[in-house]
file target_6.pdb (PDB, C-alpha atoms and all ligand atoms)
ATOM      1  CA  SER A 126      -7.420 -14.262   4.388
ATOM      2  CA  ASP A 127      -6.140 -10.994   2.974
ATOM      3  CA  THR A 128      -2.534 -11.873   3.644
ATOM      4  CA  ARG A 129      -2.310 -15.348   2.112
ATOM      5  CA  GLY A 130      -3.256 -17.547  -0.785
ATOM      6  CA  PRO A 131      -5.419 -16.339  -3.617
ATOM      7  CA  MET A 132      -5.341 -12.738  -2.399
ATOM      8  CA  LYS A 133      -1.606 -12.537  -3.107
ATOM      9  CA  SER A 134      -0.931 -10.055  -5.824
ATOM     10  CA  PHE A 135       2.091  -9.322  -7.956
ATOM     11  CA  TYR A 136       3.562  -6.611 -10.187
ATOM     12  CA  PRO A 137       2.141  -5.005 -12.230
ATOM     13  CA  PHE A 138      -0.484  -4.068  -9.696
ATOM     14  CA  VAL A 139      -3.921  -2.922 -10.804
ATOM     15  CA  ASN A 140      -6.497  -0.917  -8.920
ATOM     16  CA  THR A 141      -9.202  -3.518  -8.429
ATOM     17  CA  PRO A 142     -12.710  -2.036  -8.108
ATOM     18  CA  LEU A 143     -14.298  -1.463  -4.738
ATOM     19  CA  PRO A 144     -16.442  -4.412  -3.624
ATOM     20  CA  TYR A 145     -19.459  -2.037  -3.470
ATOM     21  CA  ALA A 146     -20.703   1.104  -5.227
ATOM     22  CA  TYR A 147     -18.996   4.426  -4.510
ATOM     23  CA  ASN A 148     -22.164   5.663  -2.822
ATOM     24  CA  ALA A 149     -22.845   2.435  -0.908
ATOM     25  CA  LEU A 150     -21.427   3.772   2.352
ATOM     26  CA  GLU A 151     -23.681   6.845   2.445
ATOM     27  CA  PRO A 152     -24.592   8.590   4.668
ATOM     28  CA  TYR A 153     -21.575   7.646   6.799
ATOM     29  CA  ILE A 154     -18.890   8.079   4.163
ATOM     30  CA  ASP A 155     -19.844  10.152   1.127
ATOM     31  CA  GLU A 156     -19.501   9.164  -2.516
ATOM     32  CA  LYS A 157     -17.049  11.931  -3.387
ATOM     33  CA  THR A 158     -14.676  10.884  -0.622
ATOM     34  CA  MET A 159     -14.822   7.271  -1.824
ATOM     35  CA  ARG A 160     -14.156   8.267  -5.439
ATOM     36  CA  LEU A 161     -11.155  10.397  -4.493
ATOM     37  CA  HIS A 162      -9.872   7.898  -1.976
ATOM     38  CA  HIS A 163     -10.018   4.869  -4.292
ATOM     39  CA  ASP A 164      -9.490   6.402  -7.731
ATOM     40  CA  ARG A 165      -6.889   9.035  -6.831
ATOM     41  CA  HIS A 166      -5.182   8.275  -3.513
ATOM     42  CA  LEU A 167      -4.961   4.485  -3.860
ATOM     43  CA  GLN A 168      -4.262   4.814  -7.596
ATOM     44  CA  THR A 169      -1.265   7.019  -6.824
ATOM     45  CA  TYR A 170       0.234   4.373  -4.521
ATOM     46  CA  ILE A 171      -0.332   1.727  -7.209
ATOM     47  CA  ASP A 172       1.273   3.904  -9.895
ATOM     48  CA  ASN A 173       4.249   4.749  -7.685
ATOM     49  CA  LEU A 174       4.757   1.123  -6.655
ATOM     50  CA  ASN A 175       4.618  -0.056 -10.284
ATOM     51  CA  LYS A 176       7.097   2.655 -11.297
ATOM     52  CA  LEU A 177       9.474   1.672  -8.505
ATOM     53  CA  MET A 178       9.294  -1.999  -9.519
ATOM     54  CA  ASP A 179       9.636  -1.103 -13.181
ATOM     55  CA  GLU A 180      12.884   0.691 -12.324
ATOM     56  CA  ASN A 181      14.033  -2.110  -9.975
ATOM     57  CA  PRO A 182      13.165  -5.412 -11.696
ATOM     58  CA  ALA A 183      14.681  -7.485  -8.861
ATOM     59  CA  LEU A 184      11.618  -6.486  -6.816
ATOM     60  CA  GLN A 185       9.181  -7.983  -9.317
ATOM     61  CA  GLN A 186       9.533 -11.525  -7.971
ATOM     62  CA  PHE A 187       7.925 -10.495  -4.681
ATOM     63  CA  SER A 188       4.212 -10.379  -3.917
ATOM     64  CA  LEU A 189       2.749  -7.331  -2.236
ATOM     65  CA  GLU A 190       2.817  -9.167   1.089
ATOM     66  CA  GLU A 191       6.433 -10.262   0.586
ATOM     67  CA  LEU A 192       7.478  -6.680  -0.100
ATOM     68  CA  LEU A 193       5.942  -5.755   3.245
ATOM     69  CA  THR A 194       7.833  -8.428   5.161
ATOM     70  CA  ARG A 195      11.146  -7.917   3.288
ATOM     71  CA  TRP A 196      11.438  -4.153   2.867
ATOM     72  CA  CYS A 197      13.915  -3.869   5.760
ATOM     73  CA  ARG A 198      16.284  -6.339   4.031
ATOM     74  CA  LEU A 199      16.290  -4.467   0.711
ATOM     75  CA  PRO A 200      19.036  -2.044  -0.334
ATOM     76  CA  GLN A 201      18.745   1.028   1.831
ATOM     77  CA  HIS A 202      17.600   3.430  -0.891
ATOM     78  CA  LEU A 203      14.598   1.160  -1.612
ATOM     79  CA  GLN A 204      13.434   0.567   1.952
ATOM     80  CA  VAL A 205      11.330   3.662   2.570
ATOM     81  CA  PRO A 206       9.823   3.851  -0.940
ATOM     82  CA  VAL A 207       8.828   0.145  -0.803
ATOM     83  CA  ARG A 208       7.388   0.421   2.690
ATOM     84  CA  ASN A 209       5.419   3.562   1.831
ATOM     85  CA  ASN A 210       4.045   2.472  -1.526
ATOM     86  CA  ALA A 211       3.478  -1.247  -0.921
ATOM     87  CA  GLY A 212       1.977  -0.269   2.432
ATOM     88  CA  GLY A 213      -0.210   2.331   0.754
ATOM     89  CA  VAL A 214      -1.621  -0.305  -1.585
ATOM     90  CA  PHE A 215      -2.048  -3.041   1.030
ATOM     91  CA  ASN A 216      -3.473  -0.838   3.803
ATOM     92  CA  HIS A 217      -6.024   0.802   1.520
ATOM     93  CA  ARG A 218      -7.217  -2.476   0.038
ATOM     94  CA  PHE A 219      -7.563  -3.896   3.541
ATOM     95  CA  TYR A 220      -9.528  -0.828   4.681
ATOM     96  CA  PHE A 221     -11.888  -0.828   1.692
ATOM     97  CA  ASN A 222     -12.442  -4.589   2.009
ATOM     98  CA  SER A 223     -13.283  -4.186   5.688
ATOM     99  CA  MET A 224     -16.365  -2.064   4.983
ATOM    100  CA  LYS A 225     -19.793  -2.775   3.519
ATOM    101  CA  GLU A 226     -23.045  -0.952   2.968
ATOM    102  CA  PRO A 227     -24.772  -0.132   6.269
ATOM    103  CA  GLY A 228     -27.994  -1.711   7.467
ATOM    104  CA  ALA A 229     -27.740  -5.381   6.601
ATOM    105  CA  PRO A 230     -27.329  -7.705   9.580
ATOM    106  CA  CYS A 231     -23.682  -8.537   9.856
ATOM    107  CA  GLU A 232     -22.186 -10.282  12.826
ATOM    108  CA  ALA A 233     -19.071 -12.005  14.007
ATOM    109  CA  PRO A 234     -20.245 -14.413  16.723
ATOM    110  CA  ARG A 235     -16.918 -16.096  17.448
ATOM    111  CA  LEU A 236     -14.966 -12.851  17.395
ATOM    112  CA  PHE A 237     -17.540 -11.088  19.600
ATOM    113  CA  ASP A 238     -17.218 -13.937  22.116
ATOM    114  CA  GLU A 239     -13.459 -13.434  22.116
ATOM    115  CA  MET A 240     -13.889  -9.664  22.461
ATOM    116  CA  SER A 241     -16.118 -10.209  25.468
ATOM    117  CA  LEU A 242     -13.317 -12.238  27.064
ATOM    118  CA  GLN A 243     -10.513  -9.842  26.211
ATOM    119  CA  PHE A 244     -12.139  -6.388  26.176
ATOM    120  CA  LYS A 245     -15.092  -7.087  28.539
ATOM    121  CA  SER A 246     -17.553  -6.561  25.677
ATOM    122  CA  PRO A 247     -17.774  -5.559  22.013
ATOM    123  CA  GLU A 248     -18.779  -2.085  23.270
ATOM    124  CA  ASP A 249     -15.584  -1.829  25.308
ATOM    125  CA  PHE A 250     -13.663  -2.888  22.223
ATOM    126  CA  LYS A 251     -15.314  -0.052  20.316
ATOM    127  CA  SER A 252     -14.360   2.583  22.845
ATOM    128  CA  GLN A 253     -10.760   1.351  23.027
ATOM    129  CA  PHE A 254     -10.522   1.185  19.240
ATOM    130  CA  LYS A 255     -11.874   4.714  18.933
ATOM    131  CA  GLU A 256      -9.373   5.949  21.505
ATOM    132  CA  ALA A 257      -6.560   4.341  19.486
ATOM    133  CA  ALA A 258      -7.823   5.881  16.237
ATOM    134  CA  LEU A 259      -7.896   9.318  17.884
ATOM    135  CA  SER A 260      -4.414   8.821  19.340
ATOM    136  CA  VAL A 261      -2.721   8.604  15.930
ATOM    137  CA  PHE A 262      -0.760  11.848  15.611
ATOM    138  CA  GLY A 263      -0.927  13.052  12.026
ATOM    139  CA  SER A 264      -1.602  10.315   9.483
ATOM    140  CA  GLY A 265      -1.875   6.570   9.984
ATOM    141  CA  TYR A 266      -4.138   3.692  10.897
ATOM    142  CA  ALA A 267      -5.624   1.896  13.881
ATOM    143  CA  TRP A 268      -5.775  -1.894  13.655
ATOM    144  CA  LEU A 269      -7.323  -4.863  15.400
ATOM    145  CA  VAL A 270      -4.884  -7.758  15.166
ATOM    146  CA  SER A 271      -4.498 -11.235  16.562
ATOM    147  CA  HIS A 272      -1.049 -11.754  18.027
ATOM    148  CA  GLY A 273       0.029 -14.814  19.991
ATOM    149  CA  GLY A 274      -3.582 -15.856  20.498
ATOM    150  CA  ARG A 275      -4.588 -12.452  21.871
ATOM    151  CA  LEU A 276      -6.619  -9.666  20.296
ATOM    152  CA  LYS A 277      -4.716  -6.399  20.299
ATOM    153  CA  ILE A 278      -5.431  -2.852  19.175
ATOM    154  CA  ILE A 279      -2.406  -1.148  17.658
ATOM    155  CA  THR A 280      -1.672   1.921  15.561
ATOM    156  CA  THR A 281       0.740   2.557  12.708
ATOM    157  CA  ALA A 282       2.083   5.828  11.373
ATOM    158  CA  ASN A 283       1.907   6.939   7.747
ATOM    159  CA  GLN A 284       1.571   3.866   5.469
ATOM    160  CA  ASN A 285       3.406   1.475   7.770
ATOM    161  CA  THR A 286       1.830  -1.978   7.930
ATOM    162  CA  PRO A 287       1.874  -4.147  11.065
ATOM    163  CA  PRO A 288       4.309  -7.095  10.851
ATOM    164  CA  LEU A 289       2.514  -9.603   8.635
ATOM    165  CA  ASN A 290       4.756 -12.487   9.675
ATOM    166  CA  SER A 291       3.842 -12.287  13.356
ATOM    167  CA  MET A 292       0.329 -10.826  13.429
ATOM    168  CA  THR A 293      -2.954 -11.673  11.755
ATOM    169  CA  LEU A 294      -4.631  -8.451  10.690
ATOM    170  CA  LEU A 295      -8.363  -8.385  11.380
ATOM    171  CA  LEU A 296      -9.564  -4.798  10.848
ATOM    172  CA  ASN A 297      -8.183  -1.328  10.149
ATOM    173  CA  ILE A 298      -9.351   2.253   9.874
ATOM    174  CA  ASP A 299      -7.578   4.851   7.757
ATOM    175  CA  VAL A 300      -7.324   8.064   9.784
ATOM    176  CA  TRP A 301      -5.478  10.144   7.198
ATOM    177  CA  GLU A 302      -7.517  13.329   6.771
ATOM    178  CA  HIS A 303      -8.273  12.471   3.123
ATOM    179  CA  ALA A 304     -10.431   9.607   4.468
ATOM    180  CA  TYR A 305     -12.921  12.008   6.061
ATOM    181  CA  TYR A 306     -12.129  15.686   5.528
ATOM    182  CA  LEU A 307     -14.764  16.471   2.862
ATOM    183  CA  LYS A 308     -17.621  15.287   5.075
ATOM    184  CA  HIS A 309     -16.355  15.449   8.625
ATOM    185  CA  TYR A 310     -13.851  18.316   8.222
ATOM    186  CA  ASN A 311     -11.313  18.012  11.023
ATOM    187  CA  MET A 312     -13.601  15.949  13.284
ATOM    188  CA  ARG A 313     -11.922  12.570  13.308
ATOM    189  CA  ALA A 314     -14.077  11.362  16.215
ATOM    190  CA  ALA A 315     -17.276  11.877  14.184
ATOM    191  CA  TYR A 316     -15.737   9.954  11.273
ATOM    192  CA  VAL A 317     -14.772   7.057  13.557
ATOM    193  CA  ASP A 318     -18.298   6.965  15.013
ATOM    194  CA  ASP A 319     -19.749   6.855  11.490
ATOM    195  CA  TRP A 320     -17.236   4.228  10.338
ATOM    196  CA  PHE A 321     -18.409   1.819  13.059
ATOM    197  CA  HIS A 322     -21.695   1.504  11.085
ATOM    198  CA  LEU A 323     -19.772   0.226   8.070
ATOM    199  CA  ILE A 324     -17.603  -2.567   9.457
ATOM    200  CA  ASN A 325     -17.902  -5.761   7.441
ATOM    201  CA  TRP A 326     -18.003  -8.002  10.502
ATOM    202  CA  GLU A 327     -18.430 -11.116   8.383
ATOM    203  CA  ALA A 328     -15.115 -10.403   6.671
ATOM    204  CA  VAL A 329     -13.453  -9.687  10.007
ATOM    205  CA  GLU A 330     -14.866 -12.929  11.435
ATOM    206  CA  GLY A 331     -13.493 -14.794   8.421
ATOM    207  CA  ARG A 332     -10.001 -13.446   9.047
ATOM    208  CA  PHE A 333     -10.299 -14.298  12.742
ATOM    209  CA  LEU A 334     -11.385 -17.892  12.042
ATOM    210  CA  ALA A 335      -8.654 -18.324   9.429
ATOM    211  CA  ALA A 336      -6.131 -17.286  12.073
ATOM    212  CA  LEU A 337      -7.470 -20.047  14.331
ATOM    213  CA  ASP A 338      -7.019 -22.451  11.417
ATOM    214  CA  LEU A 339     -10.663 -23.472  11.555
TER     215      LEU A 339
HETATM  216 MN   MN3 B   1      -6.168   6.707   2.684
END

call {"tool": "encode", "arguments": {"input": "target_6.pdb", "output": "structure tokens"}}
result
Amino acid sequence: SDTRGPMKSFYPFVNTPLPYAYNALEPYIDEKTMRLHHDRHLQTYIDNLNKLMDENPALQQFSLEELLTRWCRLPQHLQVPVRNNAGGVFNHRFYFNSMKEPGAPCEAPRLFDEMSLQFKSPEDFKSQFKEAALSVFGSGYAWLVSHGGRLKIITTANQNTPPLNSMTLLLNIDVWEHAYYLKHYNMRAAYVDDWFHLINWEAVEGRFLAALDL
């Protein structure tokens, strides 16, 4: 899972490479967008988080995930910077790791069964997820999560992360304009439609099964 075990990461954080080539998501997401998004936008969150933790060594004991569950108990002047920068690192990694090159067969049989129970069908899930992604005012994310044994679609503003101690995160889409503006201009709906071709359903299925403790 992305929120437990070997995926835990600690200060100093490094910008791990994408799990695919920068142009692997063409034609749905272009190479230039991926280079800017990973090498500049994510890098900036990593640099800012490392700087914050460099200046506040008491934070260095916490993993990325722990920062995201503890930010509200930190001294007040650290709360927003930790939430924004740790969130910016976590949310981007989760987004990049939730995509793969288009075309290869890639399914999530157990999750699709559950979607059929809870959303009528995987197609109904898609339309509800798209609606959520379009509903984010300004910058943020739409997420598929498992919460109390139910699949839920939620949104977060800015770089806020859903509560990791009560929800299992399954999938997210970054709807900040930098995720799509070079190719799709201001047409977020076209970006979301294209992004559906890139979902790494095997990874999402893995997170779903881990949440069931299978
Ligand atoms: Mn982004």

call {"tool": "residues_near_ligand", "arguments": {"input": "target_6.pdb", "ligand": "ligand MN3 1 (chain B)", "cutoff": "8 Å", "atoms": "only C-alpha atoms and all ligand atoms", "output": "PDB file with C-alpha atoms, in the coordinates of the input"}}
result
ATOM      1  CA  HIS A 162      -9.872   7.898  -1.976  1.00  0.00           C
ATOM      2  CA  HIS A 166      -5.182   8.275  -3.513  1.00  0.00           C
ATOM      3  CA  LEU A 167      -4.961   4.485  -3.860  1.00  0.00           C
ATOM      4  CA  GLY A 213      -0.210   2.331   0.754  1.00  0.00           C
ATOM      5  CA  HIS A 217      -6.024   0.802   1.520  1.00  0.00           C
ATOM      6  CA  ASP A 299      -7.578   4.851   7.757  1.00  0.00           C
ATOM      7  CA  VAL A 300      -7.324   8.064   9.784  1.00  0.00           C
ATOM      8  CA  TRP A 301      -5.478  10.144   7.198  1.00  0.00           C
ATOM      9  CA  GLU A 302      -7.517  13.329   6.771  1.00  0.00           C
ATOM     10  CA  HIS A 303      -8.273  12.471   3.123  1.00  0.00           C
ATOM     11  CA  ALA A 304     -10.431   9.607   4.468  1.00  0.00           C
TER      12      ALA A 304
END

call {"tool": "residues_around", "arguments": {"input": "target_6.pdb", "residues": "Lys176 (chain A)", "least_positions_apart": "2", "cutoff": "12 Å", "atoms": "all atoms listed in the file", "output": "ChimeraX atom specification"}}
result
/A:136-138,169-174,178-182,184-185,206-207,210-211

call {"tool": "write_last_selection", "arguments": {"input": "target_6.pdb", "atoms": "C-alpha atoms", "output": "compact mmCIF listing (two decimals), in the coordinates of the input"}}
result
# COMPACT_ATOMS: atom_id res chain seq x y z
CA TYR A 136 3.56 -6.61 -10.19
CA PRO A 137 2.14 -5.00 -12.23
CA PHE A 138 -0.48 -4.07 -9.70
CA THR A 169 -1.26 7.02 -6.82
CA TYR A 170 0.23 4.37 -4.52
CA ILE A 171 -0.33 1.73 -7.21
CA ASP A 172 1.27 3.90 -9.90
CA ASN A 173 4.25 4.75 -7.68
CA LEU A 174 4.76 1.12 -6.66
CA MET A 178 9.29 -2.00 -9.52
CA ASP A 179 9.64 -1.10 -13.18
CA GLU A 180 12.88 0.69 -12.32
CA ASN A 181 14.03 -2.11 -9.98
CA PRO A 182 13.16 -5.41 -11.70
CA LEU A 184 11.62 -6.49 -6.82
CA GLN A 185 9.18 -7.98 -9.32
CA PRO A 206 9.82 3.85 -0.94
CA VAL A 207 8.83 0.14 -0.80
CA ASN A 210 4.04 2.47 -1.53
CA ALA A 211 3.48 -1.25 -0.92

call {"tool": "resolve_selection", "arguments": {"input": "target_6.pdb", "expression": "the PyMOL selection byres (((chain A and resi 227-229) around 10) and not hetatm)", "output": "list in words"}}
result
Ala149, Leu150, Glu151, Pro152, Tyr153, Met224, Lys225, Glu226, Pro230, Cys231, Glu232, Trp320, Phe321, His322, Leu323, Ile324 and Asn325 of chain A

call {"tool": "residues_around", "arguments": {"input": "target_6.pdb", "residues": "Phe135 (chain A)", "least_positions_apart": "3", "cutoff": "7 Å", "atoms": "only C-alpha atoms", "output": "list in words"}}
result
Phe138, Phe187, Ser188 and Leu189 of chain A

call {"tool": "atom_distance", "arguments": {"input": "target_6.pdb", "atom1": "CA of Leu177 (chain A)", "atom2": "CA of Leu203 (chain A)"}}
result
8.6 Å

call {"tool": "resolve_selection", "arguments": {"input": "target_6.pdb", "expression": "the PyMOL selection byres (((chain A and resi 223) around 10) and not hetatm)", "output": "PyMOL selection string"}}
result
chain A and resi 144+217-222+224-225+295-298+323-329

call {"tool": "resolve_selection", "arguments": {"input": "target_6.pdb", "expression": "the PyMOL selection byres (((chain A and resi 290) around 12) and not hetatm)", "output": "MDAnalysis selection string"}}
result
chainID A and resid 128:129 190:195 271:273 286:289 291:294

call {"tool": "residues_around", "arguments": {"input": "target_6.pdb", "residues": "Thr158 (chain A)", "least_positions_apart": "6", "cutoff": "10 Å", "atoms": "all atoms listed in the file", "output": "list of chain:residue names"}}
result
A:Tyr147, A:Asn148, A:Asp164, A:His303, A:Ala304, A:Tyr305, A:Tyr306, A:Leu307, A:Lys308
